[in-house]
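Novice: What follows is a structure written as structure tokens; I'll ask about it next.
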Amino acid sequence: MLSKTKRFFAVLMLLVILSSAFCGCGRIGSFLSERVKYDEDTEVKIIARKDKGLLIEKNGQKILMVKGSPYEMGYQHGYLLKKDVRKITKTIIEGCSALKPGMLEIIWGSEEEYIPDRYKEELKGLADGAGLSLEEVQLANIMPELFHCSGFAVFGDATKDGELLHGRILDYETRAELQDHSVVIVAQPEGYNSYINPIVAGIIGSVTGMNDKQIAVGEMGGVEKYWDGLPMMFLLRMVLEEADTLEEAMSIMESSKRTCEYYYVISDGKIPDARAMKCLPDSMEVLKPGESHPLLPATPPKDVVMISGEDRYITLKQRIEENYGNIDKDVLIEIMKRPVSMESNFHNAILFPAGLKMWLAVAKDPKIENYQACYQTYYEYDMEKLLELYSR
């Protein structure tokens, strides 16, 4: 029989071995979680780590920090959000298949050749990390091609302090409970710009985002469908990764092989300035702030670009004009409420590129009243603070 001293050291050695094993496979489990300061008033919880990847939680929202090669970032994403990725992938594929069997396969087949290899490698890493087939994650990543939204940018005379604010309203299918798998991704890809991307777990593209060069993006889907080209969400991610200026962002948009009818707002907090675009596969029309267009029901005010559906556009313009010259983050929160946001309002983001900050609100359970994102609390996500936390 072991003496008490030997038993103590035996137990101690076992704990060391177990600790090493957990550290090697990602620190998962509530008993391993820790809380660290985000700012003076807020703590974030570190949920898990995997290689260069870090999963944290702030105000109930998961934040995924990924870094490295395309495959590495994909694997970190799939591994650290495995449960969410598997669930949302199944939901998307089954839901789209019920709506129109074979639709996702057709779209992926048309777009695959135009997708950069680095994104295909990331999808492979995502599949391996989540324990899914490559085909499953490929099909799920086509989903953002199918929805409609709104967006605008205000600056100069329109805002309280002249700084640029980029408003982003994302209207997705909230009845599919996509909001339960909301994630804010802060990515540091090798050789490219870092960026922040509020999205759904398992999706590597971007429909709302801002990079560390103060470029912000958002989109709204149109009617015409044409799939032979680079998917919209990969096009916007390419802008975030590669554009340092508004001019470079516009060049990427113009030179890329685009797919369906989309309307975009891209802004640059450094100037400040912004552009709205109507893009078809073979044409791109660009609107400067305050410019009119035959498709617009009204002309936006000076230092404002806007895209939205006709009725929502009128309401958005009216609210901006009523608050013109006094617009700040809190005013925008009121401006973006329904009916500017739609019934299916998934998330709303207010991007402040010059300060590298984002305020994000996410929808709740559709069974409750006023569940839409526009009625929820907007929480701050500061890129510089998050990257500093990541490097600790």
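A note on labels: chains of the structure tokens are A, B, ... as shown, every chain counts residues from 1, and ligands are counted from 1 in their shown order.
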Give me the residues within 10 Å of A:Ile204 as a compact mmCIF listing (two decimals) with C-alpha atoms, in the first residue's frame, counting only C-alpha atoms and dropping any in the same chain fewer than 4 places off.

Specialist:
```
# COMPACT_ATOMS: atom_id res chain seq x y z
CA MET A 73 -8.26 29.58 -39.50
CA GLY A 74 -10.87 27.20 -40.87
CA HIS A 77 -13.37 27.92 -36.52
CA TYR A 119 -11.18 30.28 -49.26
CA GLU A 122 -10.37 27.48 -45.27
CA LEU A 123 -13.52 25.49 -46.01
CA LEU A 126 -13.64 24.19 -41.29
CA VAL A 137 -19.69 23.13 -45.45
CA ASN A 141 -21.62 28.67 -47.22
CA ILE A 185 -15.26 36.72 -35.89
CA ASN A 197 -17.09 40.04 -39.17
CA ILE A 199 -21.90 36.38 -39.03
CA VAL A 200 -23.30 32.91 -38.33
CA MET A 233 -19.88 37.03 -49.37
CA PHE A 234 -16.40 36.08 -50.64
CA ARG A 237 -14.40 39.38 -47.56
```

Novice: With a distance cut-off of 9 Å and only C-alpha atoms, select the neighbouring residues of A:Tyr226, excluding the residue or stretch itself and same-chain residues fewer than 4 positions from it, and output the selection as a list in words.

Specialist: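 Near A:Tyr226, the qualifying residues are Arg258, Thr259, Cys260, Glu261, Leu280 and Pro281 of chain A.
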
Novice: Can you spit out the residues from that selection as a PDB file, in the first residue's frame, using N, CA and C atoms?

Specialist:
```
ATOM      1  N   ARG A 258     -18.561  39.201 -60.857  1.00  0.00           N
ATOM      2  CA  ARG A 258     -19.663  39.249 -59.909  1.00  0.00           C
ATOM      3  C   ARG A 258     -20.797  38.312 -60.321  1.00  0.00           C
ATOM      4  N   THR A 259     -21.674  38.031 -59.366  1.00  0.00           N
ATOM      5  CA  THR A 259     -22.804  37.133 -59.638  1.00  0.00           C
ATOM      6  C   THR A 259     -24.097  37.932 -59.777  1.00  0.00           C
ATOM      7  N   CYS A 260     -24.991  37.797 -58.819  1.00  0.00           N
ATOM      8  CA  CYS A 260     -26.349  38.313 -58.913  1.00  0.00           C
ATOM      9  C   CYS A 260     -26.408  39.832 -58.763  1.00  0.00           C
ATOM     10  N   GLU A 261     -27.616  40.347 -58.878  1.00  0.00           N
ATOM     11  CA  GLU A 261     -27.858  41.762 -58.608  1.00  0.00           C
ATOM     12  C   GLU A 261     -27.687  42.020 -57.115  1.00  0.00           C
ATOM     13  N   LEU A 280     -24.436  44.395 -61.162  1.00  0.00           N
ATOM     14  CA  LEU A 280     -24.905  43.237 -61.907  1.00  0.00           C
ATOM     15  C   LEU A 280     -23.670  42.512 -62.433  1.00  0.00           C
ATOM     16  N   PRO A 281     -23.818  41.308 -62.976  1.00  0.00           N
ATOM     17  CA  PRO A 281     -22.634  40.598 -63.462  1.00  0.00           C
ATOM     18  C   PRO A 281     -21.823  41.395 -64.488  1.00  0.00           C
TER      19      PRO A 281
END
```

Novice: Taking the chain letters and numbering used in this document, name the residues of stretch 5-183 of chain A that DSSP puts in strand (DSSP E or B), as a PDB file with N, CA and C atoms, in the first residue's frame.

Specialist:
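To be explicit, this is the file written out as states-v6.pdb:
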```pdb
ATOM      1  N   GLU A  34     -11.874  31.167 -17.829  1.00  0.00           N
ATOM      2  CA  GLU A  34     -11.360  32.250 -17.006  1.00  0.00           C
ATOM      3  C   GLU A  34     -11.957  33.553 -17.482  1.00  0.00           C
ATOM      4  N   ARG A  35     -11.971  34.557 -16.616  1.00  0.00           N
ATOM      5  CA  ARG A  35     -12.500  35.868 -16.978  1.00  0.00           C
ATOM      6  C   ARG A  35     -11.364  36.870 -16.987  1.00  0.00           C
ATOM      7  N   VAL A  36     -11.357  37.715 -18.014  1.00  0.00           N
ATOM      8  CA  VAL A  36     -10.322  38.741 -18.129  1.00  0.00           C
ATOM      9  C   VAL A  36     -10.995  40.074 -18.441  1.00  0.00           C
ATOM     10  N   LYS A  37     -10.314  41.149 -18.151  1.00  0.00           N
ATOM     11  CA  LYS A  37     -10.844  42.484 -18.351  1.00  0.00           C
ATOM     12  C   LYS A  37     -10.864  42.857 -19.831  1.00  0.00           C
ATOM     13  N   GLU A  43     -16.041  42.413 -18.320  1.00  0.00           N
ATOM     14  CA  GLU A  43     -15.174  41.244 -18.398  1.00  0.00           C
ATOM     15  C   GLU A  43     -15.627  40.359 -19.555  1.00  0.00           C
ATOM     16  N   VAL A  44     -14.695  39.625 -20.105  1.00  0.00           N
ATOM     17  CA  VAL A  44     -15.042  38.601 -21.085  1.00  0.00           C
ATOM     18  C   VAL A  44     -14.619  37.247 -20.536  1.00  0.00           C
ATOM     19  N   LYS A  45     -15.343  36.222 -20.931  1.00  0.00           N
ATOM     20  CA  LYS A  45     -15.026  34.873 -20.492  1.00  0.00           C
ATOM     21  C   LYS A  45     -14.302  34.124 -21.599  1.00  0.00           C
ATOM     22  N   ILE A  46     -13.144  33.588 -21.285  1.00  0.00           N
ATOM     23  CA  ILE A  46     -12.426  32.742 -22.237  1.00  0.00           C
ATOM     24  C   ILE A  46     -13.011  31.339 -22.145  1.00  0.00           C
ATOM     25  N   ILE A  47     -13.612  30.896 -23.235  1.00  0.00           N
ATOM     26  CA  ILE A  47     -14.284  29.595 -23.257  1.00  0.00           C
ATOM     27  C   ILE A  47     -13.323  28.483 -23.646  1.00  0.00           C
ATOM     28  N   ALA A  48     -12.542  28.705 -24.692  1.00  0.00           N
ATOM     29  CA  ALA A  48     -11.669  27.641 -25.192  1.00  0.00           C
ATOM     30  C   ALA A  48     -10.580  28.220 -26.079  1.00  0.00           C
ATOM     31  N   ARG A  49      -9.503  27.445 -26.204  1.00  0.00           N
ATOM     32  CA  ARG A  49      -8.409  27.773 -27.112  1.00  0.00           C
ATOM     33  C   ARG A  49      -8.117  26.553 -27.979  1.00  0.00           C
ATOM     34  N   LYS A  50      -7.646  26.805 -29.187  1.00  0.00           N
ATOM     35  CA  LYS A  50      -7.163  25.735 -30.054  1.00  0.00           C
ATOM     36  C   LYS A  50      -6.085  26.306 -30.952  1.00  0.00           C
ATOM     37  N   GLY A  53      -6.231  29.759 -32.244  1.00  0.00           N
ATOM     38  CA  GLY A  53      -7.616  30.192 -32.126  1.00  0.00           C
ATOM     39  C   GLY A  53      -8.046  30.404 -30.689  1.00  0.00           C
ATOM     40  N   LEU A  54      -8.975  31.325 -30.498  1.00  0.00           N
ATOM     41  CA  LEU A  54      -9.472  31.656 -29.165  1.00  0.00           C
ATOM     42  C   LEU A  54     -10.968  31.920 -29.258  1.00  0.00           C
ATOM     43  N   LEU A  55     -11.748  31.310 -28.373  1.00  0.00           N
ATOM     44  CA  LEU A  55     -13.190  31.533 -28.302  1.00  0.00           C
ATOM     45  C   LEU A  55     -13.507  32.198 -26.977  1.00  0.00           C
ATOM     46  N   ILE A  56     -14.122  33.370 -27.046  1.00  0.00           N
ATOM     47  CA  ILE A  56     -14.482  34.094 -25.836  1.00  0.00           C
ATOM     48  C   ILE A  56     -15.958  34.455 -25.883  1.00  0.00           C
ATOM     49  N   GLU A  57     -16.463  34.944 -24.761  1.00  0.00           N
ATOM     50  CA  GLU A  57     -17.863  35.367 -24.681  1.00  0.00           C
ATOM     51  C   GLU A  57     -17.930  36.723 -24.004  1.00  0.00           C
ATOM     52  N   LYS A  58     -18.657  37.635 -24.619  1.00  0.00           N
ATOM     53  CA  LYS A  58     -18.834  38.987 -24.068  1.00  0.00           C
ATOM     54  C   LYS A  58     -20.307  39.345 -24.147  1.00  0.00           C
ATOM     55  N   GLN A  61     -22.484  37.058 -26.104  1.00  0.00           N
ATOM     56  CA  GLN A  61     -22.175  36.867 -27.521  1.00  0.00           C
ATOM     57  C   GLN A  61     -20.830  36.167 -27.685  1.00  0.00           C
ATOM     58  N   LYS A  62     -20.800  35.103 -28.477  1.00  0.00           N
ATOM     59  CA  LYS A  62     -19.549  34.417 -28.753  1.00  0.00           C
ATOM     60  C   LYS A  62     -18.703  35.235 -29.717  1.00  0.00           C
ATOM     61  N   ILE A  63     -17.412  35.334 -29.395  1.00  0.00           N
ATOM     62  CA  ILE A  63     -16.446  36.018 -30.256  1.00  0.00           C
ATOM     63  C   ILE A  63     -15.347  35.015 -30.584  1.00  0.00           C
ATOM     64  N   LEU A  64     -15.151  34.759 -31.860  1.00  0.00           N
ATOM     65  CA  LEU A  64     -14.148  33.800 -32.316  1.00  0.00           C
ATOM     66  C   LEU A  64     -12.948  34.551 -32.874  1.00  0.00           C
ATOM     67  N   MET A  65     -11.783  34.318 -32.287  1.00  0.00           N
ATOM     68  CA  MET A  65     -10.536  34.923 -32.756  1.00  0.00           C
ATOM     69  C   MET A  65      -9.752  33.859 -33.516  1.00  0.00           C
ATOM     70  N   VAL A  66      -9.502  34.084 -34.806  1.00  0.00           N
ATOM     71  CA  VAL A  66      -8.767  33.114 -35.613  1.00  0.00           C
ATOM     72  C   VAL A  66      -7.563  33.796 -36.246  1.00  0.00           C
ATOM     73  N   LYS A  67      -6.534  32.995 -36.506  1.00  0.00           N
ATOM     74  CA  LYS A  67      -5.286  33.566 -37.006  1.00  0.00           C
ATOM     75  C   LYS A  67      -4.498  32.496 -37.742  1.00  0.00           C
ATOM     76  N   GLY A  68      -3.790  32.915 -38.808  1.00  0.00           N
ATOM     77  CA  GLY A  68      -2.878  31.994 -39.474  1.00  0.00           C
ATOM     78  C   GLY A  68      -3.200  31.776 -40.934  1.00  0.00           C
ATOM     79  N   HIS A 148     -32.085  39.629 -48.318  1.00  0.00           N
ATOM     80  CA  HIS A 148     -32.195  41.063 -48.580  1.00  0.00           C
ATOM     81  C   HIS A 148     -31.973  41.865 -47.303  1.00  0.00           C
ATOM     82  N   CYS A 149     -31.457  43.108 -47.454  1.00  0.00           N
ATOM     83  CA  CYS A 149     -31.071  43.883 -46.291  1.00  0.00           C
ATOM     84  C   CYS A 149     -31.114  45.382 -46.614  1.00  0.00           C
ATOM     85  N   SER A 150     -30.528  46.209 -45.733  1.00  0.00           N
ATOM     86  CA  SER A 150     -30.409  47.650 -45.955  1.00  0.00           C
ATOM     87  C   SER A 150     -29.065  48.126 -45.424  1.00  0.00           C
ATOM     88  N   GLY A 151     -28.653  49.321 -45.883  1.00  0.00           N
ATOM     89  CA  GLY A 151     -27.407  49.872 -45.380  1.00  0.00           C
ATOM     90  C   GLY A 151     -27.265  51.336 -45.746  1.00  0.00           C
ATOM     91  N   PHE A 152     -26.430  52.042 -44.993  1.00  0.00           N
ATOM     92  CA  PHE A 152     -26.209  53.461 -45.257  1.00  0.00           C
ATOM     93  C   PHE A 152     -24.925  53.900 -44.558  1.00  0.00           C
ATOM     94  N   ALA A 153     -24.418  55.050 -44.973  1.00  0.00           N
ATOM     95  CA  ALA A 153     -23.280  55.673 -44.302  1.00  0.00           C
ATOM     96  C   ALA A 153     -23.552  57.161 -44.197  1.00  0.00           C
ATOM     97  N   VAL A 154     -23.242  57.733 -43.043  1.00  0.00           N
ATOM     98  CA  VAL A 154     -23.437  59.163 -42.792  1.00  0.00           C
ATOM     99  C   VAL A 154     -22.136  59.737 -42.232  1.00  0.00           C
ATOM    100  N   THR A 159     -23.442  64.121 -39.367  1.00  0.00           N
ATOM    101  CA  THR A 159     -23.208  63.544 -38.037  1.00  0.00           C
ATOM    102  C   THR A 159     -22.828  64.630 -37.026  1.00  0.00           C
ATOM    103  N   LEU A 165     -20.176  57.128 -39.720  1.00  0.00           N
ATOM    104  CA  LEU A 165     -20.840  55.977 -39.123  1.00  0.00           C
ATOM    105  C   LEU A 165     -21.515  55.187 -40.238  1.00  0.00           C
ATOM    106  N   HIS A 166     -21.305  53.878 -40.217  1.00  0.00           N
ATOM    107  CA  HIS A 166     -21.828  52.989 -41.257  1.00  0.00           C
ATOM    108  C   HIS A 166     -22.897  52.098 -40.627  1.00  0.00           C
ATOM    109  N   GLY A 167     -24.139  52.280 -41.058  1.00  0.00           N
ATOM    110  CA  GLY A 167     -25.241  51.487 -40.522  1.00  0.00           C
ATOM    111  C   GLY A 167     -25.519  50.270 -41.382  1.00  0.00           C
ATOM    112  N   ARG A 168     -25.748  49.142 -40.742  1.00  0.00           N
ATOM    113  CA  ARG A 168     -25.932  47.880 -41.459  1.00  0.00           C
ATOM    114  C   ARG A 168     -27.109  47.117 -40.853  1.00  0.00           C
ATOM    115  N   ILE A 169     -28.138  46.879 -41.663  1.00  0.00           N
ATOM    116  CA  ILE A 169     -29.316  46.133 -41.240  1.00  0.00           C
ATOM    117  C   ILE A 169     -29.341  44.822 -42.014  1.00  0.00           C
ATOM    118  N   LEU A 170     -29.244  43.715 -41.306  1.00  0.00           N
ATOM    119  CA  LEU A 170     -29.226  42.400 -41.944  1.00  0.00           C
ATOM    120  C   LEU A 170     -30.538  41.684 -41.639  1.00  0.00           C
ATOM    121  N   ASP A 171     -31.296  41.399 -42.694  1.00  0.00           N
ATOM    122  CA  ASP A 171     -32.584  40.721 -42.552  1.00  0.00           C
ATOM    123  C   ASP A 171     -32.461  39.302 -43.091  1.00  0.00           C
ATOM    124  N   SER A 182     -25.233  33.031 -33.719  1.00  0.00           N
ATOM    125  CA  SER A 182     -24.512  34.256 -34.065  1.00  0.00           C
ATOM    126  C   SER A 182     -23.103  34.231 -33.487  1.00  0.00           C
ATOM    127  N   VAL A 183     -22.160  34.734 -34.254  1.00  0.00           N
ATOM    128  CA  VAL A 183     -20.773  34.818 -33.782  1.00  0.00           C
ATOM    129  C   VAL A 183     -20.129  36.062 -34.379  1.00  0.00           C
TER     130      VAL A 183
END
```

Novice: Write out as a CSV table (one decimal) with C-alpha atoms, in the first residue's frame the residues lying within 7 Å of A:Glu242, counting only C-alpha atoms and excluding same-chain residues fewer than 2 positions away.

Specialist:
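Dumped to around-v8.csv:
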```csv
chain,number,residue,atom,x,y,z
A,192,TYR,CA,-3.9,40.2,-45.4
A,193,ASN,CA,-5.7,42.8,-43.4
A,238,MET,CA,-11.8,40.0,-50.3
A,239,VAL,CA,-12.5,43.7,-50.0
A,240,LEU,CA,-11.9,43.5,-46.2
A,244,ASP,CA,-6.6,49.8,-47.6
```

Novice: Using only C-alpha atoms for the distances, tell me which of A:Leu296, A:Val223, A:Leu389, A:Leu360 is nearest to A:Pro198.

Specialist: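 For A:Pro198, the nearest of the candidates is A:Leu360.
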
Novice: How many Å lie between atom CA of A:Met220 and atom CA of A:Asp157, rounded to one decimal?

Specialist: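 Atom CA of A:Asp157 lies at a distance of 25.5 Å from atom CA of A:Met220.
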
Novice: Give me the residues near A:Ser292 as a list in words, where near means some atom within 12 Å (using only C-alpha atoms) and where sequence neighbours in that chain fewer than 3 positions away do not count.

Specialist: Ala276, Glu285, Val286, Leu287, Lys288, Pro289, Leu295, Leu296, Pro297, Ala298, Thr299, Pro300, Pro301, Lys302, Val304, Val305, Met306 and Ile307 of chain A

Novice: Mind dumping the selected residues with C-alpha atoms as a PDB file, in the first residue's frame?

Specialist:
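Output saved as result17.pdb:
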```pdb
ATOM      1  CA  ALA A 276     -23.310  53.097 -52.879  1.00  0.00           C
ATOM      2  CA  GLU A 285     -23.192  51.873 -61.166  1.00  0.00           C
ATOM      3  CA  VAL A 286     -21.649  54.031 -58.449  1.00  0.00           C
ATOM      4  CA  LEU A 287     -23.366  56.738 -56.424  1.00  0.00           C
ATOM      5  CA  LYS A 288     -21.518  59.347 -54.407  1.00  0.00           C
ATOM      6  CA  PRO A 289     -23.041  60.828 -51.239  1.00  0.00           C
ATOM      7  CA  LEU A 295     -34.138  53.738 -59.177  1.00  0.00           C
ATOM      8  CA  LEU A 296     -34.135  55.710 -55.918  1.00  0.00           C
ATOM      9  CA  PRO A 297     -37.516  56.954 -54.649  1.00  0.00           C
ATOM     10  CA  ALA A 298     -35.788  60.104 -53.337  1.00  0.00           C
ATOM     11  CA  THR A 299     -32.402  61.812 -53.305  1.00  0.00           C
ATOM     12  CA  PRO A 300     -30.326  61.235 -50.144  1.00  0.00           C
ATOM     13  CA  PRO A 301     -29.137  64.274 -48.185  1.00  0.00           C
ATOM     14  CA  LYS A 302     -25.606  65.664 -48.468  1.00  0.00           C
ATOM     15  CA  VAL A 304     -25.258  60.412 -46.950  1.00  0.00           C
ATOM     16  CA  VAL A 305     -25.413  57.220 -49.036  1.00  0.00           C
ATOM     17  CA  MET A 306     -28.334  54.795 -48.589  1.00  0.00           C
ATOM     18  CA  ILE A 307     -29.694  51.532 -49.975  1.00  0.00           C
TER      19      ILE A 307
END
```

Novice: Find the residues around A:Tyr262 up to 6 Å (only C-alpha atoms counted), leave out those fewer than 2 positions away in its own chain, and share them as a list in words.

Specialist: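 Everything that qualifies: Met220, Gly221, Gly222 and Cys279 of chain A.
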
Novice: Could you give me the residues within stretch 129-305 of chain A that DSSP places in helix (DSSP H, G or I), as a ChimeraX atom specification?

Specialist: /A:129-130,134-140,143-146,156-158,174-176,178-181,232-242,246-255

Novice: Produce a file of the selected residues containing N, CA and C atoms, as a compact mmCIF listing (two decimals), in the first residue's frame.

Specialist:
```txt
# COMPACT_ATOMS: atom_id res chain seq x y z
N GLY A 129 -12.23 20.55 -38.84
CA GLY A 129 -12.36 20.95 -37.45
C GLY A 129 -13.72 20.60 -36.87
N ALA A 130 -14.76 20.69 -37.68
CA ALA A 130 -16.12 20.43 -37.20
C ALA A 130 -16.53 18.98 -37.36
N LEU A 134 -16.58 17.99 -46.62
CA LEU A 134 -16.29 19.24 -47.31
C LEU A 134 -17.52 19.72 -48.08
N GLU A 135 -18.26 18.81 -48.69
CA GLU A 135 -19.45 19.18 -49.45
C GLU A 135 -20.48 19.87 -48.55
N GLU A 136 -20.64 19.40 -47.33
CA GLU A 136 -21.62 20.00 -46.42
C GLU A 136 -21.28 21.45 -46.12
N VAL A 137 -20.03 21.74 -45.79
CA VAL A 137 -19.69 23.13 -45.45
C VAL A 137 -19.69 24.01 -46.69
N GLN A 138 -19.37 23.46 -47.86
CA GLN A 138 -19.45 24.23 -49.09
C GLN A 138 -20.88 24.67 -49.36
N LEU A 139 -21.82 23.75 -49.25
CA LEU A 139 -23.22 24.07 -49.53
C LEU A 139 -23.77 25.06 -48.52
N ALA A 140 -23.44 24.89 -47.25
CA ALA A 140 -23.93 25.81 -46.22
C ALA A 140 -23.42 27.22 -46.45
N MET A 143 -25.51 29.92 -48.53
CA MET A 143 -26.74 30.49 -47.99
C MET A 143 -26.81 32.02 -48.03
N PRO A 144 -25.75 32.77 -47.67
CA PRO A 144 -25.90 34.23 -47.65
C PRO A 144 -26.22 34.86 -49.00
N GLU A 145 -26.14 34.10 -50.09
CA GLU A 145 -26.48 34.63 -51.41
C GLU A 145 -27.97 34.93 -51.56
N LEU A 146 -28.82 34.51 -50.61
CA LEU A 146 -30.25 34.43 -50.86
C LEU A 146 -31.11 35.46 -50.13
N GLY A 156 -19.60 63.80 -42.07
CA GLY A 156 -19.54 65.24 -42.37
C GLY A 156 -20.65 66.02 -41.70
N ASP A 157 -21.42 66.78 -42.50
CA ASP A 157 -22.49 67.63 -41.96
C ASP A 157 -23.63 66.81 -41.36
N ALA A 158 -23.73 65.55 -41.73
CA ALA A 158 -24.86 64.74 -41.26
C ALA A 158 -24.69 64.28 -39.82
N THR A 174 -35.05 34.59 -39.44
CA THR A 174 -34.94 34.39 -37.99
C THR A 174 -35.75 33.20 -37.50
N ARG A 175 -36.78 32.79 -38.24
CA ARG A 175 -37.57 31.63 -37.80
C ARG A 175 -36.76 30.34 -37.85
N ALA A 176 -35.65 30.35 -38.60
CA ALA A 176 -34.76 29.19 -38.64
C ALA A 176 -33.79 29.18 -37.47
N LEU A 178 -31.31 31.10 -36.76
CA LEU A 178 -29.91 31.38 -37.07
C LEU A 178 -29.27 32.26 -36.00
N GLN A 179 -30.08 33.11 -35.38
CA GLN A 179 -29.55 34.02 -34.37
C GLN A 179 -28.99 33.28 -33.16
N ASP A 180 -29.43 32.04 -32.94
CA ASP A 180 -28.90 31.25 -31.83
C ASP A 180 -27.44 30.87 -32.06
N HIS A 181 -26.97 31.03 -33.29
CA HIS A 181 -25.60 30.65 -33.65
C HIS A 181 -24.80 31.85 -34.15
N MET A 232 -21.05 36.68 -53.51
CA MET A 232 -21.04 37.99 -52.87
C MET A 232 -20.27 38.01 -51.55
N MET A 233 -20.50 37.00 -50.71
CA MET A 233 -19.88 37.03 -49.37
C MET A 233 -18.36 36.87 -49.45
N PHE A 234 -17.85 36.18 -50.46
CA PHE A 234 -16.40 36.08 -50.64
C PHE A 234 -15.85 37.36 -51.26
N LEU A 235 -16.65 38.01 -52.10
CA LEU A 235 -16.24 39.29 -52.68
C LEU A 235 -16.07 40.34 -51.58
N LEU A 236 -17.01 40.41 -50.65
CA LEU A 236 -16.90 41.38 -49.56
C LEU A 236 -15.74 41.04 -48.63
N ARG A 237 -15.54 39.76 -48.39
CA ARG A 237 -14.40 39.38 -47.56
C ARG A 237 -13.09 39.77 -48.24
N MET A 238 -13.03 39.63 -49.56
CA MET A 238 -11.83 40.01 -50.30
C MET A 238 -11.57 41.51 -50.15
N VAL A 239 -12.64 42.30 -50.18
CA VAL A 239 -12.49 43.75 -49.96
C VAL A 239 -11.89 44.01 -48.58
N LEU A 240 -12.42 43.34 -47.55
CA LEU A 240 -11.91 43.54 -46.20
C LEU A 240 -10.44 43.13 -46.09
N GLU A 241 -10.08 42.04 -46.72
CA GLU A 241 -8.71 41.52 -46.60
C GLU A 241 -7.70 42.31 -47.42
N GLU A 242 -8.13 42.89 -48.55
CA GLU A 242 -7.17 43.43 -49.51
C GLU A 242 -7.21 44.95 -49.67
N LEU A 246 -10.75 53.39 -49.93
CA LEU A 246 -12.02 53.30 -50.65
C LEU A 246 -11.77 53.05 -52.13
N GLU A 247 -10.77 53.71 -52.68
CA GLU A 247 -10.44 53.53 -54.10
C GLU A 247 -10.06 52.07 -54.39
N GLU A 248 -9.25 51.46 -53.53
CA GLU A 248 -8.88 50.06 -53.73
C GLU A 248 -10.09 49.14 -53.59
N ALA A 249 -10.98 49.45 -52.67
CA ALA A 249 -12.19 48.65 -52.50
C ALA A 249 -13.04 48.69 -53.76
N MET A 250 -13.20 49.87 -54.33
CA MET A 250 -14.00 50.01 -55.55
C MET A 250 -13.36 49.27 -56.71
N SER A 251 -12.03 49.28 -56.77
CA SER A 251 -11.32 48.59 -57.83
C SER A 251 -11.54 47.08 -57.75
N ILE A 252 -11.51 46.54 -56.52
CA ILE A 252 -11.76 45.10 -56.33
C ILE A 252 -13.18 44.76 -56.77
N MET A 253 -14.14 45.59 -56.40
CA MET A 253 -15.53 45.35 -56.78
C MET A 253 -15.69 45.35 -58.30
N GLU A 254 -15.05 46.31 -58.96
CA GLU A 254 -15.22 46.46 -60.40
C GLU A 254 -14.53 45.36 -61.19
N SER A 255 -13.36 44.94 -60.74
CA SER A 255 -12.57 43.98 -61.51
C SER A 255 -12.97 42.52 -61.26
```

Novice: Env of A:Lys385: 9 Å cut, atoms = only C-alpha atoms, seq-sep filter 5 positions within chain, self excluded. Answer as a PyMOL selection string.

Specialist: chain A and resi 38-39+390

Novice: Write out as a PyMOL selection string the residues lying within 9 Å of A:Glu343, counting only C-alpha atoms and excluding same-chain residues fewer than 2 positions away.

Specialist: chain A and resi 171+174+338-339+341+345-346+372
